[in-house]
$ cat my_file.tsv   # TSV, C-alpha atoms
chain	number	residue	atom	x	y	z
A	106	MET	CA	41.80	-56.35	-2.09
A	107	LYS	CA	39.57	-59.44	-2.20
A	108	GLY	CA	37.74	-59.74	-5.52
A	109	LYS	CA	40.03	-57.26	-7.26
A	110	THR	CA	42.31	-57.95	-10.20
A	111	VAL	CA	45.93	-56.80	-10.25
A	112	ILE	CA	48.28	-56.84	-13.23
A	113	VAL	CA	51.98	-57.03	-12.37
A	114	THR	CA	54.41	-56.70	-15.27
A	115	GLY	CA	57.77	-58.38	-14.94
A	116	GLY	CA	56.26	-60.43	-12.15
A	117	ALA	CA	58.24	-63.67	-12.33
A	118	LYS	CA	61.10	-62.60	-10.06
A	119	GLY	CA	62.56	-59.92	-7.80
A	120	ILE	CA	60.39	-56.94	-6.93
A	121	GLY	CA	57.63	-58.07	-9.29
A	122	ARG	CA	57.34	-61.43	-7.54
A	123	ALA	CA	57.20	-59.76	-4.12
A	124	VAL	CA	54.51	-57.36	-5.34
A	125	ALA	CA	52.38	-60.15	-6.80
A	126	LEU	CA	52.60	-62.18	-3.57
A	127	ALA	CA	51.75	-59.14	-1.43
A	128	PHE	CA	48.54	-58.55	-3.38
A	129	ALA	CA	47.71	-62.26	-3.31
A	130	ASP	CA	48.08	-62.20	0.47
A	131	GLU	CA	45.40	-59.49	0.46
A	132	GLY	CA	43.01	-61.68	-1.55
A	133	ALA	CA	43.50	-60.18	-5.02
A	134	ASP	CA	43.54	-62.24	-8.21
A	135	ILE	CA	46.79	-61.77	-10.10
A	136	VAL	CA	47.65	-61.36	-13.76
A	137	LEU	CA	51.32	-62.27	-13.81
A	138	ASN	CA	53.15	-60.90	-16.84
A	139	TYR	CA	56.53	-62.23	-17.91
A	140	ARG	CA	58.70	-62.10	-21.01
A	141	SER	CA	61.28	-64.91	-20.68
A	142	THR	CA	61.61	-66.01	-17.04
A	143	SER	CA	59.36	-68.96	-16.24
A	144	PRO	CA	56.40	-67.88	-14.06
A	145	ASP	CA	55.51	-71.39	-12.88
A	146	ALA	CA	57.03	-71.18	-9.38
A	147	VAL	CA	55.50	-67.78	-8.61
A	148	LYS	CA	52.14	-68.81	-10.06
A	149	ALA	CA	52.10	-71.81	-7.72
A	150	GLU	CA	52.97	-69.58	-4.75
A	151	ILE	CA	50.14	-67.22	-5.63
A	152	GLU	CA	47.55	-69.96	-6.09
A	153	ALA	CA	48.61	-71.54	-2.80
A	154	ARG	CA	47.20	-68.41	-1.18
A	155	GLY	CA	43.72	-69.29	-2.42
A	156	VAL	CA	43.46	-66.76	-5.25
A	157	LYS	CA	43.50	-67.08	-9.02
A	158	CYS	CA	46.56	-66.37	-11.15
A	159	LEU	CA	46.69	-65.88	-14.91
A	160	ALA	CA	50.23	-65.98	-16.30
A	161	VAL	CA	50.59	-64.08	-19.58
A	162	GLN	CA	53.74	-63.97	-21.68
A	163	ALA	CA	54.09	-60.58	-23.34
A	164	ASP	CA	56.76	-58.06	-24.23
A	165	VAL	CA	55.27	-54.84	-22.89
A	166	SER	CA	57.60	-52.75	-25.07
A	167	ALA	CA	55.44	-53.87	-28.02
A	168	PHE	CA	52.21	-51.89	-28.18
A	169	ALA	CA	50.11	-54.78	-29.50
A	170	GLU	CA	51.40	-57.22	-26.88
A	171	ALA	CA	50.64	-54.83	-24.03
A	172	ASP	CA	47.13	-54.39	-25.41
A	173	LYS	CA	46.74	-58.16	-25.69
A	174	LEU	CA	47.87	-58.60	-22.07
A	175	VAL	CA	45.12	-56.33	-20.81
A	176	SER	CA	42.57	-57.98	-23.11
A	177	GLU	CA	43.44	-61.40	-21.69
A	178	ALA	CA	43.09	-60.03	-18.16
A	179	MET	CA	39.66	-58.62	-18.98
A	180	ASN	CA	38.54	-61.85	-20.65
A	181	GLU	CA	39.57	-63.87	-17.60
A	182	PHE	CA	38.46	-61.60	-14.76
A	183	GLY	CA	36.19	-58.96	-16.32
A	184	ARG	CA	38.00	-56.07	-14.67
A	185	VAL	CA	41.40	-54.54	-13.91
A	186	ASP	CA	41.63	-52.69	-10.60
A	187	VAL	CA	45.38	-52.20	-10.23
A	188	LEU	CA	48.27	-52.00	-12.68
A	189	VAL	CA	51.82	-52.27	-11.38
A	190	ASN	CA	54.32	-51.32	-14.07
A	191	ASN	CA	57.38	-53.18	-12.85
A	192	ALA	CA	59.00	-54.61	-16.00
A	193	GLY	CA	62.46	-53.17	-16.55
A	194	ILE	CA	65.95	-53.90	-17.82
A	195	THR	CA	69.44	-52.41	-17.58
A	196	ARG	CA	72.19	-52.08	-20.21
A	197	ASP	CA	74.81	-50.21	-18.19
A	198	THR	CA	77.93	-48.65	-19.70
A	199	LEU	CA	79.61	-45.26	-19.88
A	200	LEU	CA	77.98	-42.65	-22.12
A	201	MET	CA	80.84	-42.59	-24.65
A	202	ARG	CA	80.65	-46.38	-25.01
A	203	MET	CA	76.88	-46.76	-25.05
A	204	LYS	CA	75.53	-48.21	-28.26
A	205	GLU	CA	72.31	-47.03	-29.84
A	206	GLU	CA	70.72	-50.42	-29.28
A	207	ASP	CA	71.61	-50.28	-25.57
A	208	PHE	CA	69.84	-46.95	-25.23
A	209	ASP	CA	66.83	-47.98	-27.29
A	210	ALA	CA	66.34	-51.32	-25.53
A	211	VAL	CA	66.17	-49.71	-22.07
A	212	ILE	CA	63.91	-46.86	-23.20
A	213	ASN	CA	61.59	-49.25	-25.05
A	214	THR	CA	61.14	-51.66	-22.15
A	215	ASN	CA	61.22	-49.30	-19.17
A	216	LEU	CA	59.56	-46.16	-20.54
A	217	LYS	CA	57.58	-47.15	-23.62
A	218	GLY	CA	56.47	-50.35	-21.92
A	219	CYS	CA	55.10	-48.30	-19.04
A	220	PHE	CA	53.23	-46.05	-21.48
A	221	ASN	CA	51.86	-49.01	-23.44
A	222	MET	CA	50.43	-50.60	-20.31
A	223	MET	CA	48.99	-47.37	-18.90
A	224	ARG	CA	47.25	-46.67	-22.18
A	225	ALA	CA	45.88	-50.21	-22.38
A	226	VAL	CA	44.30	-50.16	-18.90
A	227	THR	CA	42.90	-46.64	-19.19
A	228	LYS	CA	39.75	-47.68	-21.08
A	229	PRO	CA	38.58	-50.44	-18.69
A	230	MET	CA	39.47	-48.39	-15.63
A	231	MET	CA	37.59	-45.37	-16.95
A	232	LYS	CA	34.52	-47.55	-17.55
A	233	GLN	CA	34.79	-48.80	-13.97
A	234	ARG	CA	35.35	-45.20	-12.84
A	235	LYS	CA	38.00	-46.48	-10.48
A	236	GLY	CA	41.53	-47.87	-10.54
A	237	ALA	CA	45.09	-47.50	-9.38
A	238	ILE	CA	48.30	-47.35	-11.42
A	239	ILE	CA	51.67	-47.68	-9.71
A	240	ASN	CA	54.77	-47.15	-11.84
A	241	MET	CA	58.20	-48.41	-10.80
A	242	SER	CA	60.75	-45.64	-11.17
A	243	SER	CA	64.12	-45.52	-9.36
A	244	VAL	CA	66.31	-43.22	-7.31
A	245	ILE	CA	68.52	-43.22	-10.42
A	246	GLY	CA	65.73	-41.33	-12.19
A	247	LEU	CA	65.94	-38.69	-9.45
A	248	ALA	CA	69.69	-38.38	-8.97
A	249	GLY	CA	71.34	-40.03	-11.99
A	250	ASN	CA	74.27	-42.43	-11.91
A	251	ILE	CA	77.51	-43.02	-13.74
A	252	GLY	CA	77.10	-45.57	-16.51
A	253	GLN	CA	73.32	-45.42	-16.48
A	254	VAL	CA	72.34	-42.59	-18.81
A	255	ASN	CA	69.78	-44.79	-20.55
A	256	TYR	CA	68.33	-46.21	-17.33
A	257	ALA	CA	68.18	-42.78	-15.68
A	258	ALA	CA	66.41	-41.31	-18.70
A	259	SER	CA	63.82	-44.09	-18.69
A	260	LYS	CA	63.11	-43.82	-14.97
A	261	ALA	CA	62.97	-40.01	-15.02
A	262	GLY	CA	60.57	-40.22	-17.96
A	263	ILE	CA	58.31	-42.48	-15.93
A	264	LEU	CA	57.96	-39.71	-13.34
A	265	GLY	CA	56.78	-37.24	-15.97
A	266	MET	CA	54.24	-39.72	-17.30
A	267	THR	CA	53.04	-40.43	-13.77
A	268	TYR	CA	52.39	-36.75	-13.04
A	269	SER	CA	50.60	-36.23	-16.35
A	270	ALA	CA	48.46	-39.38	-16.11
A	271	ALA	CA	47.49	-38.50	-12.53
A	272	LYS	CA	46.04	-35.20	-13.78
A	273	GLU	CA	44.30	-36.76	-16.78
A	274	LEU	CA	42.69	-39.66	-14.95
A	275	ALA	CA	41.71	-38.06	-11.65
A	276	SER	CA	38.24	-37.12	-12.88
A	277	ARG	CA	37.51	-40.84	-13.32
A	278	ASN	CA	38.71	-41.66	-9.80
A	279	ILE	CA	41.88	-43.34	-11.08
A	280	THR	CA	45.07	-42.70	-9.11
A	281	CYS	CA	48.55	-42.80	-10.59
A	282	ASN	CA	51.67	-42.83	-8.44
A	283	ALA	CA	55.29	-43.97	-8.63
A	284	VAL	CA	57.69	-45.78	-6.36
A	285	ALA	CA	61.42	-45.02	-6.58
A	286	PRO	CA	63.41	-47.90	-5.07
A	287	GLY	CA	67.03	-47.53	-4.06
A	288	MET	CA	69.44	-50.47	-3.87
A	289	ILE	CA	67.27	-53.54	-3.41
A	290	ALA	CA	68.50	-57.11	-2.88
A	291	THR	CA	67.56	-58.68	-6.24
A	292	ASP	CA	69.29	-60.53	-9.09
A	293	MET	CA	70.48	-57.17	-10.42
A	294	THR	CA	72.40	-56.31	-7.23
A	295	ALA	CA	73.54	-59.90	-6.55
A	296	VAL	CA	76.10	-59.67	-9.35
A	297	LEU	CA	77.85	-56.65	-7.80
A	298	SER	CA	81.25	-57.21	-6.21
A	299	ASP	CA	81.60	-57.05	-2.44
A	300	LYS	CA	83.73	-53.93	-2.84
A	301	MET	CA	81.05	-52.18	-4.87
A	302	LYS	CA	78.35	-53.20	-2.40
A	303	GLU	CA	80.41	-51.78	0.45
A	304	GLN	CA	80.81	-48.47	-1.39
A	305	ILE	CA	77.06	-48.33	-1.96
A	306	LEU	CA	76.27	-49.10	1.68
A	307	GLN	CA	78.48	-46.20	2.76
A	308	ASN	CA	76.00	-43.86	1.06
A	309	ILE	CA	72.87	-45.40	2.61
A	310	PRO	CA	72.04	-43.93	6.03
A	311	LEU	CA	70.20	-47.09	7.12
A	312	GLY	CA	73.31	-49.09	6.22
A	313	ARG	CA	71.70	-51.97	4.32
A	314	LEU	CA	70.11	-52.96	1.05
A	315	GLY	CA	66.34	-52.91	0.87
A	316	GLN	CA	64.25	-56.05	0.45
A	317	PRO	CA	61.76	-56.62	-2.41
A	318	GLU	CA	59.02	-57.09	0.19
A	319	GLU	CA	59.59	-53.53	1.44
A	320	ILE	CA	58.92	-52.20	-2.04
A	321	ALA	CA	55.86	-54.43	-2.31
A	322	GLN	CA	54.33	-53.03	0.87
A	323	THR	CA	54.71	-49.50	-0.48
A	324	VAL	CA	53.03	-50.48	-3.74
A	325	LEU	CA	50.20	-52.10	-1.79
A	326	PHE	CA	49.79	-48.95	0.31
A	327	LEU	CA	49.48	-46.78	-2.81
A	328	ALA	CA	46.96	-49.17	-4.38
A	329	LYS	CA	44.75	-48.82	-1.31
A	330	SER	CA	45.19	-45.03	-0.95
A	331	GLU	CA	42.29	-43.43	-2.78
A	332	TYR	CA	43.32	-39.82	-2.01
A	333	ILE	CA	46.98	-40.03	-3.01
A	334	THR	CA	47.81	-39.37	-6.67
A	335	GLY	CA	50.64	-37.83	-8.67
A	336	GLN	CA	53.20	-38.68	-6.00
A	337	VAL	CA	56.59	-40.40	-5.92
A	338	ILE	CA	57.58	-42.37	-2.84
A	339	THR	CA	61.30	-43.02	-2.51
A	340	VAL	CA	62.11	-46.29	-0.74
A	341	ASP	CA	65.88	-46.20	-0.50
A	342	GLY	CA	67.02	-46.22	3.13
A	343	GLY	CA	67.94	-42.56	2.74
A	344	MET	CA	70.23	-43.13	-0.26
A	345	VAL	CA	69.14	-39.98	-2.09
A	346	ILE	CA	69.90	-37.72	0.86
A	347	GLY	CA	73.14	-39.59	1.58
A	348	ARG	CA	75.12	-39.72	4.79
$ encode --input "my_file.tsv" --output "C-alpha cells"
Amino acid sequence: MKGKTVIVTGGAKGIGRAVALAFADEGADIVLNYRSTSPDAVKAEIEARGVKCLAVQADVSAFAEADKLVSEAMNEFGRVDVLVNNAGITRDTLLMRMKEEDFDAVINTNLKGCFNMMRAVTKPMMKQRKGAIINMSSVIGLAGNIGQVNYAASKAGILGMTYSAAKELASRNITCNAVAPGMIATDMTAVLSDKMKEQILQNIPLGRLGQPEEIAQTVLFLAKSEYITGQVITVDGGMVIGR
C-alpha cells in the first residue's frame, strides 16, 4: 500500500482507528475523517509509522462536507486509492418508542453518509481507472435486532448500495465490497452490562467478542483484492449462524 492514499471516515476511535493504523502499517498515507472526537492521538500514532496523515473534520451526512473531504484529500495527496466508509452512530430504542429524529439521524449518518462519500470518490477513482471502496455494514443489517430498526435499515441499505456500486464501477477497475462486523470490543459494546454481554456470548460460537484489529485486517484484505467485488464478508465469530 506504499504511496497510496486511504480515506477512513469515523477514524478517530474504535474500528476506524484500527483500520487507519492497519493501512499505515502497510505504508499508506491516511486521510483521517472525524466529526467530534479529537483525532490528535490517532494522527500521532499514524505519523509515528513514517507515513503522512491529514485529519479532516467533516460530517459525512452532509453532501457538501463529504465532497469537501474528498477535495481536501485530493489537494493534499493528488489521489484517492481506497475509501473506507466506517462512520456510524446508533440511537437504539423499541420501534413503538422510536422518534422520527432518532430514525433520521441514523439513516443520515450511516446510509446517506456512505452514499455521499462513495459519490464523492467516484470521479477521482474513475480518472485513475482504479480504486477500492469498503463499506462498513453489520450483522444487524443481515439478521435484524430488537430495538435497532433504524440501525438495521441503515446497514441493510449499505449492502444494496454496495452491490449496485460494484456493478456500476467495475468497468473502471474499481471494486466495492462490504464488511459486516458482529459484536466487536469498542466503546459501543463497553457500555453493555455484564449480563447482556453474557447473553450475547452465548450466541457466538467462538465464545468471545471480536477485536477492532480483526475487522481492520479484513478491510485491508479487501482493499488489496483486485478480483473481489460486490461481496459481503461477515466477521462475527459465527454470530449469524448461532450456536
$ residues_around --input "my_file.tsv" --residues "stretch 293-301 of chain A" --least-positions-apart "5" --cutoff "10 Å" --atoms "all atoms listed in the file" --output "PyMOL selection string"
chain A and resi 119+194-195+288+306+314
$ atom_distance --input "my_file.tsv" --atom1 "atom CA of A:Thr323" --atom2 "atom CA of A:Cys219"
18.6 Å
$ residues_near_point --input "my_file.tsv" --point "(53.6, -42.7, -21.3)" --cutoff "10 Å" --atoms "only C-alpha atoms" --output "MDAnalysis selection string"
chainID A and resid 216:224 262:267 269:270
$ residues_around --input "my_file.tsv" --residues "A:Thr214" --least-positions-apart "4" --cutoff "9 Å" --atoms "only C-alpha atoms" --output "number ranges by chain"
A: 164-167, 192-194, 209-210, 218-219, 259
$ residues_around --input "my_file.tsv" --residues "A:Ala133" --least-positions-apart "5" --cutoff "9 Å" --atoms "all atoms listed in the file" --output "VMD selection string"
chain A and resid 106 to 111 128 156 to 157
$ decode --input "my_file.tsv" --residues "stretch 310-335 of chain A" --atoms "N, CA and C atoms" --output "tab-separated table (two decimals), in the first residue's frame"
chain	number	residue	atom	x	y	z
A	310	PRO	N	-20.55	-18.69	18.44
A	310	PRO	CA	-19.84	-19.97	18.50
A	310	PRO	C	-18.39	-19.87	18.98
A	311	LEU	N	-17.67	-18.82	18.60
A	311	LEU	CA	-16.29	-18.69	19.05
A	311	LEU	C	-16.18	-18.21	20.49
A	312	GLY	N	-17.30	-17.80	21.08
A	312	GLY	CA	-17.35	-17.52	22.51
A	312	GLY	C	-16.65	-16.28	22.99
A	313	ARG	N	-16.44	-15.30	22.12
A	313	ARG	CA	-15.80	-14.05	22.53
A	313	ARG	C	-16.20	-12.92	21.61
A	314	LEU	N	-15.98	-11.68	22.09
A	314	LEU	CA	-16.16	-10.53	21.23
A	314	LEU	C	-14.99	-10.43	20.25
A	315	GLY	N	-15.25	-9.84	19.11
A	315	GLY	CA	-14.18	-9.60	18.16
A	315	GLY	C	-13.39	-8.37	18.54
A	316	GLN	N	-12.21	-8.22	17.98
A	316	GLN	CA	-11.35	-7.06	18.21
A	316	GLN	C	-11.35	-6.15	16.97
A	317	PRO	N	-11.26	-4.84	17.18
A	317	PRO	CA	-11.23	-3.91	16.03
A	317	PRO	C	-10.16	-4.28	15.01
A	318	GLU	N	-9.03	-4.79	15.49
A	318	GLU	CA	-7.94	-5.15	14.59
A	318	GLU	C	-8.32	-6.29	13.65
A	319	GLU	N	-9.24	-7.15	14.09
A	319	GLU	CA	-9.69	-8.25	13.24
A	319	GLU	C	-10.56	-7.74	12.09
A	320	ILE	N	-11.32	-6.70	12.36
A	320	ILE	CA	-12.09	-6.06	11.29
A	320	ILE	C	-11.13	-5.35	10.33
A	321	ALA	N	-10.13	-4.68	10.90
A	321	ALA	CA	-9.17	-3.94	10.08
A	321	ALA	C	-8.44	-4.83	9.10
A	322	GLN	N	-8.07	-6.02	9.53
A	322	GLN	CA	-7.36	-6.94	8.64
A	322	GLN	C	-8.24	-7.40	7.49
A	323	THR	N	-9.53	-7.53	7.75
A	323	THR	CA	-10.46	-7.90	6.67
A	323	THR	C	-10.60	-6.77	5.67
A	324	VAL	N	-10.70	-5.55	6.18
A	324	VAL	CA	-10.77	-4.38	5.30
A	324	VAL	C	-9.52	-4.28	4.43
A	325	LEU	N	-8.38	-4.48	5.05
A	325	LEU	CA	-7.11	-4.42	4.32
A	325	LEU	C	-7.06	-5.49	3.23
A	326	PHE	N	-7.53	-6.68	3.56
A	326	PHE	CA	-7.58	-7.77	2.57
A	326	PHE	C	-8.43	-7.39	1.36
A	327	LEU	N	-9.59	-6.80	1.61
A	327	LEU	CA	-10.47	-6.41	0.51
A	327	LEU	C	-9.86	-5.29	-0.33
A	328	ALA	N	-9.14	-4.37	0.32
A	328	ALA	CA	-8.51	-3.28	-0.42
A	328	ALA	C	-7.44	-3.79	-1.37
A	329	LYS	N	-6.81	-4.89	-1.00
A	329	LYS	CA	-5.74	-5.46	-1.82
A	329	LYS	C	-6.27	-6.44	-2.87
A	330	SER	N	-7.51	-6.88	-2.73
A	330	SER	CA	-8.06	-7.95	-3.58
A	330	SER	C	-8.70	-7.36	-4.83
A	331	GLU	N	-7.98	-7.41	-5.92
A	331	GLU	CA	-8.43	-6.75	-7.15
A	331	GLU	C	-9.49	-7.54	-7.92
A	332	TYR	N	-9.74	-8.79	-7.53
A	332	TYR	CA	-10.74	-9.59	-8.26
A	332	TYR	C	-11.91	-9.99	-7.36
A	333	ILE	N	-12.08	-9.27	-6.26
A	333	ILE	CA	-13.24	-9.47	-5.39
A	333	ILE	C	-14.05	-8.18	-5.40
A	334	THR	N	-15.31	-8.25	-5.81
A	334	THR	CA	-16.18	-7.08	-5.78
A	334	THR	C	-17.63	-7.52	-5.60
A	335	GLY	N	-18.43	-6.64	-5.01
A	335	GLY	CA	-19.84	-6.94	-4.77
A	335	GLY	C	-20.07	-8.01	-3.71
